[in-house]
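Student: File follows, work.cif with mmCIF, C-alpha atoms:
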```cif
data_model
#
loop_
_atom_site.label_atom_id
_atom_site.label_comp_id
_atom_site.auth_asym_id
_atom_site.auth_seq_id
_atom_site.Cartn_x
_atom_site.Cartn_y
_atom_site.Cartn_z
CA MET A 1 -23.58 -25.84 3.16
CA THR A 2 -24.98 -22.44 2.12
CA GLY A 3 -22.39 -20.93 -0.22
CA VAL A 4 -22.53 -17.66 1.72
CA GLY A 5 -21.79 -16.31 5.15
CA GLY A 6 -18.74 -18.37 6.11
CA GLY A 7 -16.46 -15.36 6.14
CA SER A 8 -19.06 -13.28 7.95
CA LEU A 9 -19.60 -15.90 10.63
CA MET A 10 -15.92 -16.69 11.30
CA THR A 11 -14.97 -13.52 13.20
CA PRO A 12 -18.03 -13.51 15.52
CA LEU A 13 -17.44 -17.20 16.30
CA LEU A 14 -13.79 -16.57 17.16
CA ILE A 15 -14.82 -13.72 19.43
CA MET A 16 -17.43 -15.92 21.12
CA PHE A 17 -14.68 -18.47 21.81
CA GLY A 18 -12.70 -15.81 23.65
CA ILE A 19 -10.28 -14.68 20.93
CA PRO A 20 -9.58 -10.93 21.24
CA TYR A 21 -11.45 -8.80 18.69
CA ASN A 22 -8.33 -7.53 16.95
CA VAL A 23 -6.76 -11.00 16.68
CA ALA A 24 -10.00 -12.55 15.43
CA ILE A 25 -10.28 -9.95 12.67
CA GLY A 26 -6.63 -10.08 11.61
CA THR A 27 -6.50 -13.88 11.61
CA ASP A 28 -9.78 -14.20 9.73
CA LEU A 29 -8.47 -11.88 6.98
CA LEU A 30 -5.48 -14.12 6.28
CA TYR A 31 -7.67 -17.23 6.57
CA ALA A 32 -10.07 -15.81 3.98
CA SER A 33 -7.28 -14.97 1.53
CA ILE A 34 -5.94 -18.54 1.68
CA THR A 35 -9.28 -20.35 1.46
CA LYS A 36 -10.57 -18.18 -1.40
CA SER A 37 -7.44 -18.64 -3.53
CA SER A 38 -8.57 -21.94 -5.01
CA GLY A 39 -11.79 -20.24 -6.07
CA VAL A 40 -9.84 -17.68 -8.08
CA ILE A 41 -8.00 -20.45 -9.92
CA ALA A 42 -11.25 -22.24 -10.72
CA HIS A 43 -12.99 -19.08 -11.98
CA THR A 44 -9.96 -18.06 -14.03
CA ARG A 45 -10.08 -21.40 -15.83
CA GLN A 46 -13.76 -20.75 -16.60
CA ASN A 47 -13.02 -17.19 -17.81
CA SER A 48 -15.55 -15.91 -15.30
CA VAL A 49 -13.39 -13.14 -13.81
CA GLN A 50 -13.75 -9.57 -15.07
CA TRP A 51 -10.21 -8.46 -14.38
CA ARG A 52 -10.94 -4.88 -15.39
CA LEU A 53 -13.49 -4.59 -12.60
CA VAL A 54 -11.11 -6.32 -10.19
CA GLY A 55 -8.55 -3.66 -11.07
CA TYR A 56 -10.97 -0.79 -10.40
CA LEU A 57 -12.00 -2.29 -7.07
CA ALA A 58 -8.43 -3.06 -6.01
CA ALA A 59 -7.22 0.41 -7.02
CA GLY A 60 -9.48 1.79 -4.31
CA SER A 61 -9.53 -1.01 -1.74
CA ILE A 62 -5.86 -1.97 -1.36
CA PRO A 63 -4.46 1.55 -0.75
CA ALA A 64 -7.43 2.24 1.56
CA SER A 65 -6.70 -0.94 3.49
CA ILE A 66 -3.02 -0.09 3.95
CA VAL A 67 -3.80 3.49 5.00
CA THR A 68 -6.42 2.23 7.49
CA VAL A 69 -3.92 -0.06 9.22
CA ILE A 70 -1.22 2.64 9.24
CA LEU A 71 -3.66 5.06 10.89
CA LEU A 72 -4.61 2.47 13.51
CA ASN A 73 -0.91 1.95 14.20
CA GLN A 74 -0.11 5.66 14.41
CA VAL A 75 -3.19 7.03 16.18
CA PHE A 76 -3.64 4.34 18.84
CA THR A 77 -1.02 2.97 21.20
CA ASN A 78 -2.67 -0.43 21.77
CA ALA A 79 -5.55 -2.59 20.53
CA ASP A 80 -7.83 -1.75 23.46
CA GLU A 81 -8.02 1.86 22.28
CA TYR A 82 -9.54 0.96 18.92
CA LYS A 83 -11.69 -1.95 20.14
CA ASP A 84 -14.92 0.09 19.87
CA LEU A 85 -14.06 1.08 16.30
CA LEU A 86 -13.54 -2.56 15.35
CA THR A 87 -16.67 -3.86 17.08
CA THR A 88 -18.92 -1.15 15.61
CA SER A 89 -17.52 -1.71 12.12
CA LEU A 90 -18.00 -5.46 12.53
CA GLY A 91 -21.59 -5.00 13.67
CA VAL A 92 -22.50 -2.67 10.83
CA MET A 93 -20.96 -4.93 8.18
CA LEU A 94 -22.71 -8.01 9.64
CA ILE A 95 -26.07 -6.21 9.49
CA ILE A 96 -25.46 -5.15 5.88
CA THR A 97 -24.35 -8.65 4.91
CA ALA A 98 -27.42 -10.19 6.55
CA ILE A 99 -29.72 -7.82 4.67
CA VAL A 100 -27.96 -8.65 1.39
CA ILE A 101 -28.38 -12.40 1.99
CA LEU A 102 -32.07 -12.01 2.89
CA PHE A 103 -32.85 -9.85 -0.17
CA LYS A 104 -30.37 -11.35 -2.63
CA ARG A 105 -33.08 -12.68 -4.91
CA PHE A 106 -34.83 -9.31 -4.94
CA LEU A 107 -31.56 -7.57 -5.82
CA ARG A 108 -30.93 -10.00 -8.66
CA ASP A 109 -34.45 -9.63 -10.05
CA THR A 110 -34.49 -5.83 -9.96
CA SER A 111 -30.85 -4.91 -10.67
CA ASP A 112 -31.52 -4.61 -14.41
CA ARG A 113 -33.89 -1.71 -13.86
CA PRO A 114 -32.36 1.59 -12.67
CA HIS A 115 -34.39 2.96 -9.77
CA GLY A 116 -34.82 6.69 -10.27
CA PRO A 117 -32.06 9.25 -10.83
CA VAL A 118 -29.76 7.71 -8.20
CA GLY A 119 -29.85 4.25 -9.79
CA ALA A 120 -29.39 5.75 -13.24
CA PHE A 121 -26.43 7.81 -12.03
CA PHE A 122 -24.74 4.75 -10.54
CA GLN A 123 -25.07 2.80 -13.76
CA VAL A 124 -23.91 5.68 -15.99
CA HIS A 125 -20.88 6.30 -13.77
CA ALA A 126 -20.35 2.66 -12.83
CA THR A 127 -16.57 2.74 -13.25
CA LYS A 128 -16.06 5.69 -10.91
CA VAL A 129 -18.54 4.29 -8.41
CA THR A 130 -16.68 0.95 -8.52
CA PHE A 131 -13.47 2.73 -7.49
CA VAL A 132 -15.26 4.49 -4.61
CA VAL A 133 -16.84 1.18 -3.58
CA GLY A 134 -13.33 -0.26 -3.49
CA ILE A 135 -12.25 2.44 -1.04
CA PHE A 136 -15.25 1.70 1.18
CA LEU A 137 -14.53 -2.02 1.11
CA GLY A 138 -10.83 -1.47 1.79
CA ILE A 139 -11.60 0.47 4.95
CA PHE A 140 -14.40 -1.64 6.39
CA VAL A 141 -13.09 -5.07 5.41
CA THR A 142 -9.82 -4.15 7.13
CA LEU A 143 -11.68 -3.00 10.25
CA SER A 144 -14.15 -5.90 10.40
CA SER A 145 -12.92 -8.71 8.07
CA VAL A 146 -16.51 -8.74 6.73
CA GLY A 147 -17.90 -7.44 3.44
CA ALA A 148 -15.55 -8.74 0.77
CA GLY A 149 -18.03 -11.48 -0.14
CA ALA A 150 -21.81 -11.11 -0.21
CA PHE A 151 -21.78 -7.32 0.15
CA CYS A 152 -19.32 -6.79 -2.70
CA ALA A 153 -21.27 -9.22 -4.90
CA ALA A 154 -24.49 -7.28 -4.29
CA LEU A 155 -22.79 -4.04 -5.29
CA LEU A 156 -21.49 -5.61 -8.49
CA MET A 157 -24.97 -6.90 -9.35
CA THR A 158 -26.35 -3.38 -8.87
CA LEU A 159 -23.65 -1.58 -10.84
CA TYR A 160 -23.35 -4.15 -13.64
CA PRO A 161 -26.82 -5.71 -14.08
CA ARG A 162 -25.90 -7.44 -17.36
CA LEU A 163 -22.96 -9.24 -15.79
CA PRO A 164 -23.74 -12.99 -15.53
CA ALA A 165 -24.10 -14.33 -11.99
CA LEU A 166 -21.05 -16.58 -12.42
CA HIS A 167 -18.95 -13.57 -13.44
CA VAL A 168 -20.19 -11.61 -10.43
CA ILE A 169 -19.03 -14.41 -8.14
CA GLY A 170 -15.71 -14.87 -9.94
CA THR A 171 -14.95 -11.14 -9.94
CA ASP A 172 -15.95 -10.83 -6.29
CA ILE A 173 -13.63 -13.68 -5.23
CA ALA A 174 -10.76 -12.45 -7.43
CA HIS A 175 -10.92 -9.07 -5.68
CA ALA A 176 -11.42 -10.52 -2.20
CA VAL A 177 -8.18 -12.53 -2.28
CA PRO A 178 -5.69 -9.64 -2.72
CA LEU A 179 -7.74 -7.36 -0.44
CA THR A 180 -7.91 -9.82 2.46
CA LEU A 181 -4.28 -10.86 1.90
CA ILE A 182 -2.97 -7.29 2.05
CA ALA A 183 -5.24 -6.42 4.97
CA GLY A 184 -4.25 -9.60 6.82
CA LEU A 185 -0.53 -9.07 6.25
CA SER A 186 -0.88 -5.46 7.39
CA HIS A 187 -2.58 -6.64 10.57
CA LEU A 188 0.21 -9.19 11.04
CA PHE A 189 3.28 -7.01 10.50
CA LEU A 190 2.08 -3.56 11.61
CA LEU A 191 -0.38 -4.37 14.41
CA GLY A 192 0.52 -7.92 15.46
CA ASN A 193 -3.15 -8.91 15.20
CA VAL A 194 -2.67 -12.40 13.74
CA ASP A 195 -2.36 -15.65 15.69
CA LEU A 196 -0.50 -18.00 13.34
CA VAL A 197 -1.28 -21.10 15.43
CA LEU A 198 -4.97 -20.21 15.30
CA LEU A 199 -4.69 -19.62 11.54
CA VAL A 200 -3.18 -23.07 10.93
CA SER A 201 -5.79 -24.67 13.19
CA LEU A 202 -8.61 -23.04 11.22
CA LEU A 203 -7.15 -24.23 7.93
CA ILE A 204 -6.74 -27.79 9.21
CA GLY A 205 -10.31 -27.81 10.46
CA SER A 206 -11.81 -26.30 7.32
CA LEU A 207 -10.56 -28.92 4.86
CA PRO A 208 -12.55 -31.90 6.20
CA ALA A 209 -15.43 -29.58 7.09
CA ILE A 210 -15.78 -28.56 3.44
CA HIS A 211 -16.27 -32.21 2.52
CA VAL A 212 -18.86 -32.72 5.26
CA GLY A 213 -20.67 -29.49 4.37
CA THR A 214 -20.87 -30.51 0.72
CA LYS A 215 -22.54 -33.78 1.69
CA LEU A 216 -25.00 -32.09 4.04
CA ALA A 217 -25.89 -29.39 1.51
CA VAL A 218 -27.56 -32.00 -0.68
CA ARG A 219 -29.96 -32.92 2.12
CA ILE A 220 -30.63 -29.47 3.58
CA PRO A 221 -31.88 -26.88 1.04
CA SER A 222 -30.05 -23.54 0.94
CA ARG A 223 -33.38 -21.67 0.84
CA VAL A 224 -33.81 -22.78 4.45
CA LEU A 225 -30.22 -22.36 5.62
CA GLN A 226 -29.44 -18.98 4.05
CA PRO A 227 -32.29 -17.04 5.74
CA ALA A 228 -31.47 -18.75 9.05
CA LEU A 229 -27.81 -17.80 8.69
CA ALA A 230 -28.77 -14.24 7.73
CA LEU A 231 -30.93 -13.87 10.85
CA ILE A 232 -28.05 -15.12 13.01
CA LEU A 233 -25.68 -12.61 11.41
CA LEU A 234 -28.28 -9.86 11.85
CA GLY A 235 -28.65 -10.61 15.55
CA ILE A 236 -24.90 -10.69 16.12
CA GLY A 237 -24.49 -7.50 14.10
CA VAL A 238 -27.06 -5.66 16.21
CA LYS A 239 -25.32 -6.84 19.37
CA PHE A 240 -21.90 -5.58 18.24
CA THR A 241 -23.30 -2.28 16.95
CA PHE A 242 -25.60 -1.22 19.76
CA TYR A 243 -24.57 -3.14 22.92
#
```
Please, can you express the file's structure as structure tokens?
Tutor:
Amino acid sequence: MTGVGGGSLMTPLLIMFGIPYNVAIGTDLLYASITKSSGVIAHTRQNSVQWRLVGYLAAGSIPASIVTVILLNQVFTNADEYKDLLTTSLGVMLIITAIVILFKRFLRDTSDRPHGPVGAFFQVHATKVTFVVGIFLGIFVTLSSVGAGAFCAALLMTLYPRLPALHVIGTDIAHAVPLTLIAGLSHLFLLGNVDLVLLVSLLIGSLPAIHVGTKLAVRIPSRVLQPALALILLGIGVKFTFY
């Protein structure tokens, strides 16, 4: 219905339904990789994926994701010991995602104008910053399952202001698929944080829901839904971060 926030909302909803934090995050990562795959195919056909940028992002994010899971496996003996790390990471990423959704139009309108020396530095050294952004995403997407979508797109708009909006979306999705796949598989095989029955159930439920959501989106404007969704994510993010 909104085009944003589905990935961000999935993990909190699973947790609210009583799924353990670690299982919700691990399962959502694999779910995201599967559901986003069709988007990569569609954008590839439209030549709207900047594969060079995908490579820079993935060069940082995928190794960071693997290292993050290995450290969780080696440092902690069970999931309860790193629960606080997961919940805090989830809360922070939900807050950031909510802010990005609320101010997306502002970011798009102002991204073509470097803001002071920091903005100018980012745009001059965009390639190196993209790699560092990949590392950040690799760590926090693996810990929270949130951030590979709206947050990454906002960063791309800031670093590459002349990149068309369609290319930002295509590049974002093309990077999100391998990142969430690797992170999800790492959660599955190293930490045992994936419920395969839950994963299949989510996939079965999402297919008809996409059709229903498409129909409803015509009647309910996204300019109403997106801010409402962002406020929900913000509230949940504050809860996970501070309570």
Student: I'd like to know which of A:Leu181, A:Met157, A:Ile210, A:Ala228 is closest to Ala126 in chain A, using only C-alpha atoms.
Tutor: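 Smallest separation from Ala126 in chain A among the options: A:Met157.
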Student: Translate the PyMOL selection byres ((chain A and resi 156) around 10) into a concrete residue list for this structure, as an NGL selection string.
Tutor: :A and (53 or 111 or 126 or 130 or 133 or 150-155 or 157-161 or 163 or 165 or 167-169 or 171-172)
Student: Between CA of Val146 in chain A and CA of Val197 in chain A, what is the distance, to one decimal in Å?
Tutor: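 Answer for the CA of Val146 in chain A to CA of Val197 in chain A separation: 21.5 Å.
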Student: Find the residue from A:Thr127, A:Thr87, A:Gln50, A:Asn78 that sits nearest to Thr241 in chain A; use all atoms listed in the file when measuring.
Tutor: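 Answer, going by the shortest atom-to-atom distance: A:Thr87.
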Student: Quick one: everything within 9 Å of Ile135 in chain A, counting only C-alpha atoms, minus sequence neighbours fewer than 3 positions away in the same chain. Send it as a PyMOL selection string.
Tutor: chain A and resi 57-65+130-132+138-140
Student: Ranking A:Tyr31, A:Ile232, A:Ser48, A:Ile41 by minimum distance to Gly205 in chain A and counting all atoms listed in the file, which one comes first?
Tutor: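 Smallest separation from Gly205 in chain A among the options: A:Tyr31.
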Student: Find the residue from A:Leu233, A:Met16, A:Thr27, A:Ile101 that sits nearest to Ser201 in chain A; use all atoms listed in the file when measuring.
Tutor: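 Checking each of A:Leu233, A:Met16, A:Thr27, A:Ile101 against Ser201 in chain A, counting all atoms listed in the file, the winner is A:Thr27.
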Student: Using only C-alpha atoms, which of the listed residues (A:Gly147, A:Val92, A:Val200, A:Lys83) sits closest to Tyr21 in chain A?
Tutor: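 Among the listed residues, the smallest separation from Tyr21 in chain A belongs to A:Lys83.
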Student: Return the single residue from A:Leu188, A:Ala98, A:Ala183, A:Leu71 that is closest to Gly149 in chain A, with distances computed using all atoms listed in the file.
Tutor: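 Closest to Gly149 in chain A of all the choices is A:Ala98.
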Student: So that I can check the surroundings of range 191-196 of chain A, please list as a ChimeraX atom specification every protein, DNA and RNA residue that reaches within 12 Å of it, counting all atoms listed in the file and ignoring chain neighbours fewer than 6 positions away.
Tutor: /A:14,19-31,66,68-80,82,142-143,183-185,202-203
Student: Please measure the separation of CA of Tyr243 in chain A and CA of Leu231 in chain A, giving the value in Å to one decimal.
Tutor: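 Computing it gives 17.4 Å between the two atoms.
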